[in-house]
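Undergrad: Take this structure first; my questions come after.
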Amino acid sequence: MPYQQGSRLPGEHASRLGHLDILDYSLVNELLESFKRQYVPDECLTVEWQEMLDPGEPLKYIFAVDGSLQRIDHDSVPYSSIAFIKTAMIKLDTHALARVDKENPHPFVLRDILRESVIFHATLLPLRNTWSEGSNIYDTVRQTIYKSICDTSPGMNGQILETLKWLAYRKWGETKRSLPEFECPHGHEGSKHLTTLPYDAECGRCPTCGKEVYITDFLGFHLEMGEEAVSPTIASTYMILHETLLLFTAIRLFWENHRELLTECLFLKDGPLSIRAQYSKLVEPIRLFLAYAQENGYPIHIIGQEKSGTFYDHLQFIGKDAPTMSYLILQDLYIKRHIQCRPENGAPYGKDTNYGAKVFVKLNNYHMMVLNVPFGLYTQNPRSEDLIGWERIFATLLTILSNRYEGALLPIELANGIASLSTYPSAKILKLFSEEGLHP
Ligand SMILES: [Zn+2]
């Protein structure tokens, strides 16, 4: 996702007579007058930010992940829709980054840095009126997701599947456990609707109905699909899951092969460190692994950056008056009361879905950001000592700032450029290309 541009609306091109009716309408006028702009109580402005007095030593290696998706609708019969999805990861070292001009990065310098250090994955998912021969859209999507996670192209080498198995079966530990039970995608008569797979399997037969089940079914995509239609959010969920798995593939490979270097890496993800709804099954294994690694002397440094949304908006209001080189770790009650505006006695914020705390950071007047930093096991009210490797992460932020956008981090900006589908190849090319391959 790109960094937000200015918030001013574009100029209007044509006057529309229809607007006159609406502006004269008394209900509309009454409502407009009654609404207030965002209201920030004094309580938020007086909340105490913590100063970072002693940032640690910056980390040496940086991995950044981003993704994009483009939905293509064909506007002639049979009105099909498909979504193209791309994810990318780049590896950088802070030494090389130091050579980059933060205001005007030279394209050749960037090209040299990125030449050896980019991997990406691309796939597509059918959303409407598109399916494989002899199948329906429900099974086509299930199979396509499985096949995409298995991606064996040169950059991926089947490693994403290995990472999914590693997390789902918690393979860093000693005990060999089968997959926690999940809803069988084929549905069963009677009350037993759950299924599972034995340790380390990527697919197999359901013990109850005997039909084929994939490890990707465990994530629950089929709970969001009907036989004829697919919720478009499946594409964005796939993208977020793939980004997460890509990041954890780098972490897993270091853990297995170069554990001594793992603690010198910073892993950056565009967007929050959370996985929503039924897909959150990966959150618990992620938290357990991060806690396990830290207990064993390997703190893993990860941040997610939120560049839009309610937390971002709130920071724009309260960050102005905060001191520089400071941070604020948001507590459960504060989030419910001032950001989500929901009842305070409801479920703790992010209990099932988040593997990071929300942290506002203000480095200087141009660089304020909303970060997510992992805390290992879930805690409702994280403190700075709960944030894994926080001092070193903070110190590294200062070395990877970009001056092209407010609050921007150069590795995320670069990953965004690589993962972007909207600029290259253009949406139009994708459309022509998919029409070519989709003759009825
Ligand atoms: Zn079954």
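Here, A, B, ... name the chains of the structure tokens in the order displayed, residue numbers run from 1 inside each chain, and ligands are numbered from 1 in the same displayed order.
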Counting only C-alpha atoms, what are the residues of segment 213-326 of chain A within 10 Å of segment 69-81 of chain A, and for each of them which pair of atoms is the nearest and at what distance in Å, to one decimal? Sort the table by chain and rising number, as CSV.
TA:
residue,atom,partner,partner_atom,distance
A:Pro232,CA,A:Arg71,CA,8.7
A:Ala235,CA,A:Leu69,CA,7.5
A:Ser236,CA,A:Leu69,CA,7.2
A:Tyr238,CA,A:Leu69,CA,9.9
A:Met239,CA,A:Leu69,CA,7.5
Undergrad: Check which residues fall inside 7 Å of ligand 1 when counting only C-alpha atoms and all ligand atoms, and print them as a PyMOL selection string.
TA: chain A and resi 184-188+195+206-211
Undergrad: May I have the selected residues written with C-alpha atoms, as a short mmCIF file (atom, residue, chain, number, x, y, z; two decimals), in the first residue's frame?
TA:
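Okay, again-v6.cif is ready:
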data_model
loop_
_atom_site.label_atom_id
_atom_site.label_comp_id
_atom_site.auth_asym_id
_atom_site.auth_seq_id
_atom_site.Cartn_x
_atom_site.Cartn_y
_atom_site.Cartn_z
CA CYS A 184 -13.96 -29.91 6.99
CA PRO A 185 -14.32 -28.02 3.69
CA HIS A 186 -16.60 -30.78 2.34
CA GLY A 187 -19.18 -30.58 5.14
CA HIS A 188 -20.40 -33.67 6.97
CA THR A 195 -11.32 -32.73 10.42
CA CYS A 206 -10.45 -36.44 5.79
CA PRO A 207 -10.85 -39.23 8.39
CA THR A 208 -14.65 -38.79 8.31
CA CYS A 209 -15.64 -38.19 4.66
CA GLY A 210 -12.51 -39.50 2.91
CA LYS A 211 -12.26 -36.47 0.61
#
Undergrad: Contacts of Gln143 of chain A at 12 Å or less, counting only C-alpha atoms, minus same-chain residues fewer than 6 places along, as a list in words?
TA: Leu124, Leu125, Pro126, Trp131, Ser132, Ser135, Asn136, Ile137, Ile149, Cys150, Pro185, Cys203, Glu212, Val213, Tyr214, Ile215, Thr216, Asp217, Phe221 and His222 of chain A
Undergrad: List every residue of segment 27-259 of chain A that DSSP, applied to the backbone, labels as helix (DSSP H, G or I), and write the result as a PyMOL selection string.
TA: chain A and resi 27-34+42-45+94-97+107-115+137-149+159-168+215-219+221-224+233-257+259
Undergrad: Select from segment 57-302 of chain A everything DSSP, run on the backbone, classes as strand (DSSP E), then give the selection as a ChimeraX atom specification.
TA: /A:61-73,81-93,118-128,182-183,194-195,203-205,212-214,265-270,301-302
Undergrad: Given the choices A:Gln380, A:Ser420, A:Leu92, A:Tyr366, which gets closest to Ala122 of chain A if the distance is worked out from only C-alpha atoms?
TA: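 Smallest distance to Ala122 of chain A is found for A:Ser420.
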Undergrad: Could you check which of A:Ala395, A:Leu409, A:Leu414, A:Leu127 is closest to Asp54 of chain A, using only C-alpha atoms?
TA: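 Of all the options, A:Ala395 lies closest to Asp54 of chain A.
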Undergrad: With only C-alpha atoms as the atoms that count, which of A:Lys281, A:Arg383, A:Lys269, A:His121 lies nearest to Pro411 of chain A?
TA: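 Looking at the shortest contact to Pro411 of chain A, the residue is A:Lys269.
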Undergrad: At a cut-off of 9 Å, using only C-alpha atoms, what residues contact Thr123 of chain A? Leave out same-chain residues fewer than 6 positions from it and give the result as a list in words.
TA: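 Skipping anything fewer than 6 positions along the chain leaves Ala83, Phe84, Ile85, Lys86, Thr144, Ile145 and Ser148 of chain A.
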Undergrad: Considering only C-alpha atoms, state which residue in the set A:Ile234, A:Asn104, A:Glu181, A:Tyr349 is at the smallest distance from His193 of chain A.
TA: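 The answer is A:Glu181, which sits nearest to His193 of chain A.
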Undergrad: Skip Tyr355 of chain A itself and residues of its chain fewer than 5 positions away, then list as a PyMOL selection string all residues within 10 Å of it, counting only C-alpha atoms.
TA: chain A and resi 272-275+280+282-288+290+350+372-379
Undergrad: Using C-alpha atoms, can you write the selected residues to a file as a PDB file, in the first residue's frame?
TA:
ATOM      1  CA  PRO A 272      -0.307  -4.272  11.361  1.00  0.00           C
ATOM      2  CA  LEU A 273       0.983  -7.443  12.996  1.00  0.00           C
ATOM      3  CA  SER A 274      -2.397  -9.106  13.088  1.00  0.00           C
ATOM      4  CA  ILE A 275      -4.433 -11.698  11.233  1.00  0.00           C
ATOM      5  CA  SER A 280      -5.982 -15.875  13.189  1.00  0.00           C
ATOM      6  CA  LEU A 282      -1.524 -18.649  12.962  1.00  0.00           C
ATOM      7  CA  VAL A 283      -1.354 -15.930  15.615  1.00  0.00           C
ATOM      8  CA  GLU A 284      -0.980 -18.256  18.602  1.00  0.00           C
ATOM      9  CA  PRO A 285       1.909 -20.267  17.051  1.00  0.00           C
ATOM     10  CA  ILE A 286       3.628 -17.004  16.072  1.00  0.00           C
ATOM     11  CA  ARG A 287       3.390 -15.646  19.630  1.00  0.00           C
ATOM     12  CA  LEU A 288       4.599 -18.938  21.090  1.00  0.00           C
ATOM     13  CA  LEU A 290       8.600 -15.449  19.418  1.00  0.00           C
ATOM     14  CA  GLY A 350      -6.519  -7.864  19.767  1.00  0.00           C
ATOM     15  CA  ASN A 372       3.418  -2.745  15.869  1.00  0.00           C
ATOM     16  CA  VAL A 373       6.075  -4.490  17.945  1.00  0.00           C
ATOM     17  CA  PRO A 374       5.745  -8.121  19.100  1.00  0.00           C
ATOM     18  CA  PHE A 375       5.368  -8.875  22.788  1.00  0.00           C
ATOM     19  CA  GLY A 376       5.678 -12.676  22.741  1.00  0.00           C
ATOM     20  CA  LEU A 377       2.805 -14.038  24.832  1.00  0.00           C
ATOM     21  CA  TYR A 378      -0.309 -11.860  24.773  1.00  0.00           C
ATOM     22  CA  THR A 379      -0.531  -9.058  27.255  1.00  0.00           C
TER      23      THR A 379
END
Undergrad: Which residues are near Leu114 of chain A? Cut-off 10 Å, only C-alpha atoms, ignore same chain within fewer than 5 positions. Put them as an mmCIF file with C-alpha atoms, in the first residue's frame.
TA:
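See out_12.cif below for the written result:
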data_model
loop_
_atom_site.group_PDB
_atom_site.id
_atom_site.type_symbol
_atom_site.label_atom_id
_atom_site.label_comp_id
_atom_site.auth_asym_id
_atom_site.auth_seq_id
_atom_site.Cartn_x
_atom_site.Cartn_y
_atom_site.Cartn_z
ATOM 1 C CA ILE A 90 13.751 -7.366 -0.056
ATOM 2 C CA LYS A 91 16.920 -7.828 1.942
ATOM 3 C CA LEU A 92 19.156 -4.870 2.704
ATOM 4 C CA PHE A 108 21.331 3.223 -9.997
ATOM 5 C CA VAL A 109 22.324 2.971 -6.349
ATOM 6 C CA ILE A 119 12.242 -12.272 -4.179
ATOM 7 C CA LEU A 414 11.434 0.025 -1.593
ATOM 8 C CA ALA A 415 9.421 -3.145 -0.910
ATOM 9 C CA ILE A 418 8.764 -3.938 -5.920
#
